[in-house]
Each structure stands twice: as C-alpha cells, then as structure tokens.
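Asker: final-v1.cif is reproduced in full below (mmCIF, C-alpha atoms).
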data_work
loop_
_atom_site.label_atom_id
_atom_site.label_comp_id
_atom_site.auth_asym_id
_atom_site.auth_seq_id
_atom_site.Cartn_x
_atom_site.Cartn_y
_atom_site.Cartn_z
CA MET A 1 14.60 54.35 -14.68
CA THR A 2 13.48 54.04 -11.10
CA ARG A 3 11.98 50.66 -10.14
CA THR A 4 8.81 50.78 -8.05
CA ALA A 5 7.88 48.44 -5.22
CA ALA A 6 5.24 46.88 -7.48
CA ASP A 7 7.91 46.07 -10.06
CA ALA A 8 10.04 44.44 -7.38
CA ARG A 9 7.11 42.36 -6.15
CA ALA A 10 6.30 41.33 -9.74
CA ASP A 11 9.90 40.25 -10.31
CA ALA A 12 9.86 38.31 -7.06
CA GLY A 13 6.60 36.62 -8.03
CA GLY A 14 8.00 35.75 -11.44
CA SER A 15 11.12 34.28 -9.88
CA ALA A 16 9.00 32.22 -7.47
CA ASP A 17 6.83 30.93 -10.35
CA ALA A 18 9.92 30.05 -12.37
CA GLY A 19 11.34 28.24 -9.37
CA SER A 20 8.09 26.34 -8.91
CA ARG A 21 8.09 25.30 -12.58
CA THR A 22 11.68 24.15 -12.31
CA HIS A 23 10.91 22.15 -9.19
CA ALA A 24 7.86 20.59 -10.86
CA GLY A 25 10.00 19.63 -13.85
CA HIS A 26 12.57 17.95 -11.61
CA ALA A 27 9.77 16.14 -9.76
CA ARG A 28 8.33 14.79 -13.02
CA THR A 29 11.76 13.66 -14.16
CA ALA A 30 12.37 11.86 -10.88
CA HIS A 31 8.93 10.25 -11.09
CA TRP A 32 9.47 8.84 -14.59
CA LEU A 33 12.97 7.71 -13.67
CA TRP A 34 11.78 5.79 -10.63
CA LEU A 35 8.81 4.43 -12.56
CA GLY A 36 11.13 2.95 -15.18
CA VAL A 37 13.46 1.56 -12.54
CA LEU A 38 10.65 -0.13 -10.64
CA VAL A 39 9.02 -1.59 -13.77
CA VAL A 40 12.33 -3.12 -14.86
CA ALA A 41 13.01 -4.34 -11.33
CA LEU A 42 9.58 -5.98 -11.16
CA ALA A 43 10.01 -7.73 -14.51
CA VAL A 44 13.45 -9.05 -13.53
CA SER A 45 12.16 -10.06 -10.10
CA VAL A 46 9.31 -12.09 -11.61
CA VAL A 47 11.74 -14.12 -13.73
CA MET A 48 14.09 -14.64 -10.80
CA ALA A 49 11.31 -15.55 -8.36
CA LEU A 50 9.88 -18.14 -10.76
CA GLY A 51 13.23 -19.88 -10.83
CA ILE A 52 13.71 -20.01 -7.06
CA GLY A 53 12.43 -22.98 -5.11
CA SER A 54 13.06 -26.58 -4.18
CA VAL A 55 13.56 -27.27 -7.90
CA PRO A 56 15.70 -24.38 -9.18
CA LEU A 57 15.21 -23.26 -12.78
CA SER A 58 17.36 -20.99 -14.92
CA PRO A 59 16.01 -17.68 -16.26
CA GLY A 60 16.14 -19.18 -19.75
CA GLU A 61 13.90 -22.07 -18.72
CA VAL A 62 11.44 -19.70 -17.04
CA VAL A 63 11.24 -17.39 -20.06
CA GLY A 64 10.91 -20.42 -22.35
CA VAL A 65 7.92 -21.77 -20.44
CA ILE A 66 6.13 -18.41 -20.44
CA ALA A 67 6.88 -17.74 -24.11
CA ARG A 68 5.61 -21.21 -25.05
CA ARG A 69 2.38 -20.73 -23.07
CA LEU A 70 1.86 -17.36 -24.75
CA ARG A 71 2.47 -19.04 -28.16
CA LEU A 72 5.46 -16.84 -28.91
CA ILE A 73 7.70 -19.86 -29.57
CA THR A 74 7.14 -23.52 -30.29
CA GLY A 75 9.01 -24.45 -27.12
CA ALA A 76 10.11 -27.90 -28.21
CA ASP A 77 12.91 -27.86 -25.62
CA VAL A 78 10.58 -26.98 -22.69
CA THR A 79 10.27 -29.95 -20.36
CA PRO A 80 6.89 -30.97 -18.88
CA LEU A 81 8.35 -30.66 -15.37
CA ALA A 82 9.47 -27.06 -15.95
CA ASP A 83 6.11 -26.22 -17.49
CA GLN A 84 4.23 -27.67 -14.52
CA ILE A 85 6.41 -25.91 -11.94
CA VAL A 86 6.42 -22.49 -13.59
CA TRP A 87 2.93 -22.22 -15.10
CA GLN A 88 0.79 -24.22 -12.70
CA LEU A 89 2.51 -23.73 -9.35
CA ARG A 90 4.74 -20.67 -9.16
CA LEU A 91 3.34 -18.16 -11.65
CA PRO A 92 -0.16 -17.91 -10.08
CA ARG A 93 1.46 -17.43 -6.69
CA VAL A 94 3.82 -14.76 -8.02
CA LEU A 95 0.98 -12.86 -9.72
CA ALA A 96 -1.18 -13.09 -6.60
CA SER A 97 1.60 -11.67 -4.45
CA ILE A 98 2.19 -8.82 -6.90
CA ALA A 99 -1.51 -7.93 -7.01
CA ALA A 100 -1.98 -8.16 -3.24
CA GLY A 101 1.08 -6.01 -2.61
CA ALA A 102 -0.18 -3.33 -5.00
CA VAL A 103 -3.63 -3.27 -3.39
CA LEU A 104 -2.33 -3.04 0.18
CA ALA A 105 0.23 -0.35 -0.64
CA VAL A 106 -2.19 1.88 -2.57
CA CYS A 107 -4.91 1.53 0.09
CA GLY A 108 -2.36 2.43 2.77
CA ALA A 109 -1.35 5.58 0.89
CA ILE A 110 -4.99 6.66 0.51
CA LEU A 111 -5.85 6.13 4.16
CA GLN A 112 -2.73 7.92 5.40
CA THR A 113 -3.80 10.96 3.40
CA LEU A 114 -7.47 10.83 4.35
CA THR A 115 -6.79 10.53 8.07
CA GLY A 116 -3.62 12.60 8.26
CA ASN A 117 -2.19 9.76 10.32
CA ALA A 118 1.26 8.45 9.42
CA LEU A 119 0.48 5.14 11.16
CA ALA A 120 -2.66 4.40 9.12
CA ASP A 121 -2.66 1.22 7.07
CA PRO A 122 -5.25 -0.76 5.05
CA TYR A 123 -6.45 -2.47 8.24
CA LEU A 124 -7.44 0.83 9.85
CA LEU A 125 -11.15 -0.05 9.83
CA GLY A 126 -10.71 -3.33 11.68
CA ILE A 127 -10.67 -5.33 8.46
CA SER A 128 -7.89 -7.77 9.34
CA SER A 129 -9.32 -8.48 12.79
CA GLY A 130 -12.84 -8.97 11.45
CA ALA A 131 -11.56 -11.27 8.71
CA SER A 132 -9.64 -13.27 11.30
CA VAL A 133 -12.81 -13.81 13.32
CA GLY A 134 -14.65 -15.15 10.27
CA ALA A 135 -11.85 -17.43 9.08
CA VAL A 136 -11.02 -18.79 12.53
CA PHE A 137 -14.71 -19.40 13.25
CA VAL A 138 -14.99 -21.64 10.19
CA LEU A 139 -11.68 -23.33 10.98
CA GLU A 140 -12.37 -24.03 14.63
CA ILE A 141 -16.11 -24.76 14.55
CA GLY A 142 -15.73 -26.96 11.49
CA LEU A 143 -18.72 -25.86 9.42
CA SER A 144 -19.64 -27.97 6.42
CA VAL A 145 -22.23 -26.85 3.87
CA GLY A 146 -21.04 -28.76 0.83
CA LEU A 147 -18.12 -26.44 0.11
CA SER A 148 -14.42 -26.92 0.76
CA GLN A 149 -12.96 -25.46 3.92
CA SER A 150 -10.77 -23.02 1.99
CA VAL A 151 -13.78 -21.57 0.13
CA LEU A 152 -15.73 -21.29 3.37
CA MET A 153 -12.81 -19.54 5.06
CA MET A 154 -12.51 -17.02 2.23
CA GLY A 155 -16.22 -16.27 2.34
CA ALA A 156 -16.31 -16.01 6.12
CA ALA A 157 -13.19 -13.81 6.14
CA PHE A 158 -14.76 -11.39 3.64
CA VAL A 159 -18.03 -11.24 5.59
CA GLY A 160 -16.17 -10.70 8.87
CA ALA A 161 -14.08 -7.92 7.34
CA VAL A 162 -17.13 -6.13 5.95
CA LEU A 163 -19.04 -6.40 9.23
CA ALA A 164 -16.07 -5.03 11.17
CA MET A 165 -15.79 -2.15 8.70
CA LEU A 166 -19.50 -1.31 9.06
CA LEU A 167 -19.21 -1.36 12.86
CA VAL A 168 -16.25 1.02 12.77
CA LEU A 169 -18.06 3.41 10.44
CA VAL A 170 -21.17 3.37 12.62
CA LEU A 171 -19.13 4.14 15.74
CA ALA A 172 -17.10 6.87 14.05
CA THR A 173 -19.90 8.72 12.23
CA GLY A 174 -20.93 12.03 13.74
CA ARG A 175 -24.44 13.41 14.04
CA GLY A 176 -24.13 15.31 10.80
CA GLY A 177 -22.85 12.29 8.87
CA GLU A 178 -19.23 13.41 8.95
CA LEU A 179 -16.42 10.92 9.48
CA PRO A 180 -13.75 12.57 11.67
CA PRO A 181 -10.31 10.97 11.14
CA ALA A 182 -9.40 10.84 14.83
CA ARG A 183 -12.68 9.19 15.81
CA THR A 184 -12.33 6.74 12.91
CA VAL A 185 -8.88 5.68 14.09
CA LEU A 186 -10.11 5.19 17.66
CA ALA A 187 -13.15 3.21 16.49
CA GLY A 188 -10.89 1.03 14.37
CA VAL A 189 -8.62 0.32 17.32
CA ALA A 190 -11.60 -0.55 19.55
CA VAL A 191 -13.20 -2.91 17.03
CA ALA A 192 -9.84 -4.53 16.29
CA GLN A 193 -9.31 -5.24 19.99
CA VAL A 194 -12.77 -6.79 20.34
CA CYS A 195 -12.26 -8.96 17.25
CA ALA A 196 -8.82 -10.04 18.47
CA ALA A 197 -10.36 -11.09 21.78
CA ILE A 198 -13.06 -13.11 20.00
CA THR A 199 -10.44 -14.79 17.80
CA SER A 200 -8.35 -15.74 20.81
CA LEU A 201 -11.44 -17.07 22.58
CA LEU A 202 -12.34 -19.26 19.58
CA ILE A 203 -8.84 -20.69 19.42
CA MET A 204 -8.58 -21.33 23.17
CA VAL A 205 -12.04 -22.89 23.62
CA PHE A 206 -12.66 -24.77 20.38
CA GLY A 207 -9.26 -25.26 18.82
CA GLY A 208 -6.81 -28.10 19.17
CA THR A 209 -3.09 -27.86 18.60
CA THR A 210 -3.30 -28.37 14.84
CA ALA A 211 -6.23 -25.98 14.37
CA ALA A 212 -4.53 -23.32 16.48
CA ARG A 213 -1.37 -23.55 14.38
CA THR A 214 -3.38 -23.34 11.15
CA ALA A 215 -5.25 -20.31 12.45
CA MET A 216 -2.00 -18.59 13.41
CA GLU A 217 -0.50 -19.26 9.98
CA TRP A 218 -3.59 -17.83 8.28
CA MET A 219 -3.54 -14.69 10.42
CA LEU A 220 0.05 -14.01 9.32
CA GLY A 221 -0.78 -14.38 5.63
CA SER A 222 0.10 -16.99 3.04
CA PHE A 223 0.05 -17.50 -0.72
CA ALA A 224 0.49 -21.26 -0.48
CA GLY A 225 -2.93 -22.05 -1.94
CA ALA A 226 -2.93 -19.38 -4.64
CA ARG A 227 -3.92 -20.72 -8.06
CA TRP A 228 -5.04 -19.08 -11.29
CA LEU A 229 -8.51 -18.20 -10.01
CA ALA A 230 -7.14 -16.36 -6.99
CA ALA A 231 -4.46 -14.69 -9.10
CA GLY A 232 -7.05 -13.50 -11.63
CA VAL A 233 -9.40 -12.13 -8.98
CA LEU A 234 -6.60 -10.34 -7.14
CA ALA A 235 -5.25 -8.90 -10.39
CA GLY A 236 -8.71 -7.49 -11.15
CA VAL A 237 -8.96 -6.02 -7.65
CA ALA A 238 -5.52 -4.43 -8.03
CA LEU A 239 -6.45 -2.87 -11.38
CA VAL A 240 -9.69 -1.44 -10.01
CA THR A 241 -7.90 -0.13 -6.92
CA LEU A 242 -5.17 1.66 -8.86
CA VAL A 243 -7.48 3.12 -11.51
CA GLY A 244 -9.98 4.27 -8.89
CA ALA A 245 -7.27 5.83 -6.75
CA MET A 246 -5.72 7.64 -9.72
CA GLY A 247 -9.07 9.19 -10.48
CA TYR A 248 -8.95 10.90 -7.07
CA SER A 249 -5.27 11.84 -7.13
CA ARG A 250 -5.84 15.62 -7.18
CA THR A 251 -8.53 15.30 -4.52
CA LEU A 252 -6.09 13.43 -2.31
CA ASP A 253 -3.54 16.20 -2.90
CA ALA A 254 -6.05 18.65 -1.47
CA PHE A 255 -6.70 16.40 1.54
CA SER A 256 -2.98 16.54 2.31
CA PHE A 257 -3.53 20.07 3.62
CA GLY A 258 -6.50 19.18 5.77
CA ASP A 259 -10.26 19.27 5.50
CA THR A 260 -10.49 23.07 5.46
CA SER A 261 -8.18 23.43 2.48
CA ALA A 262 -9.95 20.62 0.63
CA ALA A 263 -13.35 22.23 1.26
CA SER A 264 -12.04 25.61 0.05
CA LEU A 265 -11.29 23.97 -3.30
CA GLY A 266 -14.91 22.87 -3.68
CA ILE A 267 -14.49 19.27 -2.49
CA ASN A 268 -17.32 17.63 -0.55
CA VAL A 269 -15.08 16.39 2.25
CA THR A 270 -17.61 14.13 3.96
CA ARG A 271 -18.80 12.41 0.80
CA VAL A 272 -15.29 11.86 -0.59
CA ARG A 273 -13.98 10.52 2.71
CA TRP A 274 -16.91 8.11 3.02
CA GLY A 275 -16.52 6.92 -0.55
CA LEU A 276 -12.76 6.40 -0.45
CA MET A 277 -12.80 4.67 2.94
CA ILE A 278 -15.50 2.22 1.84
CA PHE A 279 -13.66 1.68 -1.45
CA THR A 280 -10.33 0.90 0.22
CA ALA A 281 -12.04 -1.24 2.85
CA LEU A 282 -13.80 -3.43 0.27
CA THR A 283 -10.70 -3.95 -1.87
CA THR A 284 -8.64 -4.73 1.20
CA ALA A 285 -11.30 -7.14 2.46
CA MET A 286 -11.27 -8.98 -0.86
CA THR A 287 -7.49 -9.28 -0.70
CA VAL A 288 -7.49 -10.49 2.90
CA ALA A 289 -10.16 -13.09 2.10
CA PHE A 290 -7.81 -14.74 -0.41
CA VAL A 291 -4.38 -14.45 1.26
CA GLY A 292 -5.01 -13.46 4.88
CA PRO A 293 -3.92 -10.26 6.63
CA ILE A 294 -0.37 -9.25 5.70
CA GLY A 295 1.04 -6.38 7.71
CA PHE A 296 3.56 -3.61 7.08
CA VAL A 297 3.10 -3.40 3.29
CA GLY A 298 0.44 -0.69 3.43
CA LEU A 299 2.26 1.10 6.23
CA THR A 300 5.87 1.21 5.01
CA VAL A 301 5.73 1.36 1.21
CA PRO A 302 3.79 4.68 0.92
CA HIS A 303 6.26 6.38 3.25
CA ILE A 304 9.22 5.04 1.30
CA MET A 305 7.79 6.25 -2.00
CA ARG A 306 6.95 9.69 -0.59
CA LEU A 307 10.57 10.08 0.43
CA LEU A 308 11.70 9.11 -3.07
CA VAL A 309 9.30 11.04 -5.34
CA GLY A 310 7.34 13.42 -3.12
CA PRO A 311 3.72 13.43 -1.96
CA ARG A 312 1.80 14.33 -5.15
CA HIS A 313 -0.54 11.39 -5.65
CA ALA A 314 -0.53 11.33 -9.45
CA GLY A 315 3.08 10.20 -9.27
CA LEU A 316 2.98 8.57 -5.86
CA LEU A 317 0.21 6.01 -6.38
CA PRO A 318 1.68 4.09 -9.38
CA LEU A 319 5.08 3.91 -7.71
CA THR A 320 3.47 2.82 -4.46
CA ALA A 321 1.70 -0.01 -6.29
CA LEU A 322 4.97 -1.14 -7.85
CA GLY A 323 6.81 -0.87 -4.54
CA GLY A 324 4.17 -2.91 -2.74
CA ALA A 325 4.26 -5.52 -5.50
CA LEU A 326 8.04 -5.81 -5.24
CA LEU A 327 8.04 -6.04 -1.46
CA LEU A 328 5.39 -8.74 -1.30
CA LEU A 329 6.82 -10.69 -4.24
CA TRP A 330 10.22 -11.04 -2.60
CA SER A 331 8.69 -11.57 0.82
CA ASP A 332 6.69 -14.51 -0.48
CA THR A 333 9.69 -15.85 -2.39
CA ALA A 334 11.72 -15.77 0.81
CA ALA A 335 8.86 -17.31 2.80
CA ARG A 336 8.69 -20.39 0.56
CA SER A 337 12.40 -20.87 -0.06
CA ILE A 338 14.36 -19.97 3.11
CA THR A 339 13.61 -23.28 4.82
CA GLY A 340 13.39 -26.55 3.00
CA ASN A 341 10.34 -28.17 4.58
CA THR A 342 8.43 -25.43 6.45
CA GLU A 343 6.99 -22.29 4.88
CA ILE A 344 7.41 -19.11 6.91
CA PRO A 345 4.32 -16.85 7.12
CA VAL A 346 4.76 -14.03 4.66
CA GLY A 347 3.74 -11.42 7.26
CA VAL A 348 6.88 -12.21 9.23
CA ILE A 349 9.04 -11.55 6.19
CA THR A 350 7.32 -8.25 5.31
CA ALA A 351 7.98 -6.97 8.82
CA LEU A 352 11.63 -7.99 8.67
CA LEU A 353 12.15 -6.45 5.23
CA GLY A 354 9.99 -3.34 5.41
CA THR A 355 10.71 -1.94 8.83
CA PRO A 356 14.52 -1.50 8.58
CA VAL A 357 14.22 0.17 5.19
CA LEU A 358 11.62 2.58 6.53
CA ALA A 359 13.76 3.35 9.59
CA VAL A 360 16.79 4.20 7.41
CA LEU A 361 14.78 6.46 5.13
CA LEU A 362 13.12 8.25 8.05
CA ARG A 363 16.51 8.96 9.58
CA ARG A 364 17.67 10.30 6.24
CA GLN A 365 14.59 12.54 6.05
CA ALA A 366 15.24 13.81 9.59
CA SER A 367 18.81 14.74 8.62
CA GLN A 368 17.57 16.62 5.55
CA CYS A 369 15.01 18.51 7.63
CA ARG A 370 17.69 19.59 10.12
CA ALA A 371 19.89 20.81 7.28
CA TRP A 372 16.97 22.71 5.71
CA HIS A 373 16.19 24.47 8.99
CA ALA A 374 19.85 25.38 9.49
CA VAL A 375 19.96 27.05 6.09
CA ALA A 376 16.68 28.87 6.74
CA TRP A 377 17.74 30.17 10.13
CA ALA A 378 21.00 31.41 8.60
CA GLY A 379 18.94 33.83 6.54
CA ARG A 380 19.33 32.32 3.09
CA TRP A 381 15.54 32.06 2.74
CA THR A 382 13.33 35.12 3.04
CA THR A 383 10.26 34.16 5.03
CA GLY A 384 7.80 36.56 6.46
CA GLY A 385 7.62 36.68 10.23
CA SER A 386 10.37 34.14 10.96
CA SER A 387 13.17 34.85 13.35
CA ALA A 388 16.33 33.19 14.55
CA THR A 389 14.36 31.43 17.25
CA SER A 390 11.38 30.27 15.18
CA PRO A 391 11.38 27.96 12.16
CA PRO A 392 10.53 29.44 8.76
CA ARG A 393 6.98 29.09 7.51
CA TRP A 394 5.65 29.07 3.99
CA PRO A 395 2.46 31.04 3.37
CA ARG A 396 -0.44 28.59 3.22
CA ALA A 397 -1.70 29.85 -0.14
CA THR A 398 1.74 29.44 -1.73
CA ALA A 399 2.12 25.90 -0.41
CA LEU A 400 -1.38 24.94 -1.53
CA ARG A 401 -0.79 26.32 -5.02
CA TRP A 402 2.49 24.41 -5.32
CA TRP A 403 0.90 21.12 -4.27
CA VAL A 404 -2.42 21.29 -6.08
#
Have the structure of the file written as structure tokens, please.

Answerer:
Amino acid sequence: MTRTAADARADAGGSADAGSRTHAGHARTAHWLWLGVLVVALAVSVVMALGIGSVPLSPGEVVGVIARRLRLITGADVTPLADQIVWQLRLPRVLASIAAGAVLAVCGAILQTLTGNALADPYLLGISSGASVGAVFVLEIGLSVGLSQSVLMMGAAFVGAVLAMLLVLVLATGRGGELPPARTVLAGVAVAQVCAAITSLLIMVFGGTTAARTAMEWMLGSFAGARWLAAGVLAGVALVTLVGAMGYSRTLDAFSFGDTSAASLGINVTRVRWGLMIFTALTTAMTVAFVGPIGFVGLTVPHIMRLLVGPRHAGLLPLTALGGALLLLWSDTAARSITGNTEIPVGVITALLGTPVLAVLLRRQASQCRAWHAVAWAGRWTTGGSSATSPPRWPRATALRWWV
C-alpha cells in the first residue's frame, strides 16, 4: 500500500507527541527525585545547624529536645541547658532563616519570569533600599514613641519598602495602566539609587561610629534577634507566598514566552503583572522588615533550580523554595559560627556561597547549548528553514504547546 504525504505527516506528528510525553515523564521523575533529595537535605540540615554553635550539641541531643517539646518522649535525660539553647535560641533563628530563604527565592523566580530579566530579584521594586531608609532613619534620628528600637525599625523598614514600591509602580505605569517590564526595571534602579543616597546622607550627617556600624550590619541582613514571634510571622509569609505562587504556576509558564503569547492564551497580562508584582513586593517587604535585606538568594537560587529541573513553574517553585531555605539556613549557620565573638552579616555569606555555584552551573549550561547546536547543525534534527549557518529554531506553536 502506498503511503500518502498526509500519512507521513500524521506519523511524524505522532512521533513528536510521543517524544513530548516521554520528555514530560522524565521531567516529572526528575522533579520528584530532586524534591525528595531537597526535603531530606533540609531535615538533616536543620538537625545539624541546631547543634552548631559556641556550645556544640550532638544530633541525639537536638532530636531529644525537639521530641520532648513536641511531647513525643518524656525526655528525662534532656538537660535544661540543651533545652534552652535549642528551643529558645537556635530553633527560632533556624526556622526564620528557612522561611526567609523560601520567600526570597520564590519571589525572585516570579519576578524573573514576569520581567523576562535574568538579573531580576525580589528587590527589583526598590524594596531593600526603601526599607533601609526607614530603618536607618529610626536608628540615626533616635525616635522614641514608647516602643523598643527594634520594633520601630521593623515598622519603619516595612513602611519605607512599601513607599518605595509605590513610587516605582507610579513611575513605571504607562498611560493605559500597563506595567512594561523594561520601564519597571529602570524605575526600580532609579528609586534604589535615590534611597541609597538618602541612607548614606542619614549615616554621614546624623550617625556616629556605633550607629553607622549598626546600620551597615542591618543593611547586610541578620537573624540575630529572631525569636518565636518573628519565626512564626515569617513562616506564615512563606506559606502564603508559596501557595499564592503555585496558584499562578501555569500563568507564569505562559509569561515565559512573552506578553503576546500569554495574551493569546486568554490571560489579562496587565492585571496579572500588577497583582503578582504587588504580591511579591509585600511579602518581600515583610521579610526585609524582620531580617533586613539579604541579597543573592532571590537571584541565584531560581537559576540553579531551572538548570536542575527545567522552567515549568509547577515543579520549579517548590524546589526553589527548598533551595532558598537551604542556602539561607547554612549561610546563617556560617555567619554565627565562623568567628567566635563577631557575627558576620548573612548577606556576605550568601554572596560567597551562591555566586560560585551559579557561575559553575551557567558554564555547564553554556557547554550543553554548544553541544546541542553542534548536533543540530550536523543535520540530526530536522528544522524548517535552518541552514548550516543559522541555528535551528523550533516553531513557536510547538514550543508553546510543550511548555504550557
């Protein structure tokens, strides 16, 4: 029997669909594998981090304290000192670092997709700079309204972050209410520079040596004052952030192909971008108000997770939250334990840990891309319109169907 051209095209389409299903199956397997690995790694890291410090504790002592507090065992052999160290001092700090890392990483992943900018991070809307103005103002001016300085700094930092965010959105909004990504990034940079100048002016004019050092430490982030209240609030913020982001995972997949593709799928691009940017800005502002601005978590972790499991947000966002939690947990553990008497700002550690890992993975991705192009140019892939001098191109509809 003679095969027609239609039969050949049908067979080719069936083979492509089968290949897509196979690829999707491998992607799901990789996602669940990495999810299990990161969950186990986080659980082990929590036990290890709780035992590290000026008074070292064994994993058995740490587990004993937690099990006793949760009424799983009687805990007759748990010493009061171990209970105080683990439950009152270290565990709130560990939980706060985990929650803050998850929030910053997830918000970074959302903003990188919304703006199409690989350098976007949770502080895109001038949040960290605005929070710094508020906190440094309280610290240097020395306001007193019947509240402790730490509470005033948190409140002022949140207000400063929100005001900076509103200013960026006002500057970036077009006449029709749209929020162009490029204009948003530029507005964020401009507002951040103005806020940084104001912060420097406050420190130089009103601050002494001690106040200037305290301000610098706050602007690099710290979990030193984290207690159960802060840990509980940050855990709630992290839960809301992850659940809210997961609800928009397919929408974010569409945004990965640009505004036109997202609109063609029936998405109100302007409304969704406004909503998600305000959502990420508020959750980030709440986090910064408690622990200060901590850089590199929201920038590096989403890229690392995309290289490991791909860009589909239903799988990417949970892993990004776990990756951010792990990075910030170990960064804070290193910050409080590397030196005996002085605590290193956690933002310094995140930069030292996150940047080399990202650089290695990006080089690996570049090598894979070169290999892929070499195979394509050799003719092993059939792509319409490509030649030996031009890179192969997937049809837009095929790529969009595979992603969404």

Asker: Would you please work out which residue, of A:Thr270, A:Thr280, A:Ser249, A:Thr184, is nearest to A:Val237 when using all atoms listed in the file?

Answerer: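 Closest residue, counting all atoms listed in the file: A:Thr280.
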
Asker: Using the chain letters and numbers from the file, give me the residues hit by the PyMOL selection byres ((chain A and resi 225) around 9), as a PyMOL selection string.

Answerer: chain A and resi 93+150+222-224+226-227+230+290-291

Asker: Which residues are close to A:Met305, i.e. within 7 Å by only C-alpha atoms, leaving aside same-chain residues fewer than 6 positions away? Reply as a PyMOL selection string.

Answerer: chain A and resi 316+319-320

Asker: Give me the residues within 9 Å of A:Gly221 as a PyMOL selection string, counting all atoms listed in the file and dropping any in the same chain fewer than 3 places off.

Answerer: chain A and resi 216-218+288+291-295+345-348

Asker: Keeping only C-alpha atoms, write the selected residues as a CSV table (one decimal), keeping the file's coordinate frame.

Answerer:
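out.csv was written with the following content:
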chain,number,residue,atom,x,y,z
A,216,MET,CA,-2.0,-18.6,13.4
A,217,GLU,CA,-0.5,-19.3,10.0
A,218,TRP,CA,-3.6,-17.8,8.3
A,288,VAL,CA,-7.5,-10.5,2.9
A,291,VAL,CA,-4.4,-14.4,1.3
A,292,GLY,CA,-5.0,-13.5,4.9
A,293,PRO,CA,-3.9,-10.3,6.6
A,294,ILE,CA,-0.4,-9.2,5.7
A,295,GLY,CA,1.0,-6.4,7.7
A,345,PRO,CA,4.3,-16.8,7.1
A,346,VAL,CA,4.8,-14.0,4.7
A,347,GLY,CA,3.7,-11.4,7.3
A,348,VAL,CA,6.9,-12.2,9.2

Asker: When you draw a straight line from atom CA of A:Leu326 to atom CA of A:Trp32, how long is it in Å?

Answerer: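 About the pair atom CA of A:Leu326 and atom CA of A:Trp32: they are 17.4 Å apart.
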
Asker: What is the atom CA of A:Val243 to atom CA of A:Leu124 distance in Å?

Answerer: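 Straight-line distance from atom CA of A:Val243 to atom CA of A:Leu124 works out to 21.5 Å.
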
Asker: So what do you get for atom CA of A:Leu329 versus atom CA of A:Ser97, distance-wise?

Answerer: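 Computed distance, atom CA of A:Leu329 to atom CA of A:Ser97, equals 5.3 Å.
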
Asker: Counting all atoms listed in the file, what is within 9 Å of A:Ile203, bar same-chain residues fewer than 4 positions away, as a ChimeraX atom specification?

Answerer: /A:136-137,140,198-199,207-208,211-212,215

Asker: If we draw a sphere of 10 Å around (8.4, -1.4, -11.8), which residues have at least one atom in it when counting only C-alpha atoms? Please report them as a ChimeraX atom specification.

Answerer: /A:34-45,318-323,325-326

Asker: Report the residues retrieved by the PyMOL selection byres ((chain A and resi 118) around 10) from the displayed file, expressed as a list in words.

Answerer: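 Evaluating the PyMOL selection byres ((chain A and resi 118) around 10) on this file yields Gly108, Ala109, Leu111, Gln112, Thr113, Thr115, Gly116, Asn117, Leu119, Ala120, Asp121, Leu299, Thr300, Pro302 and His303 of chain A.
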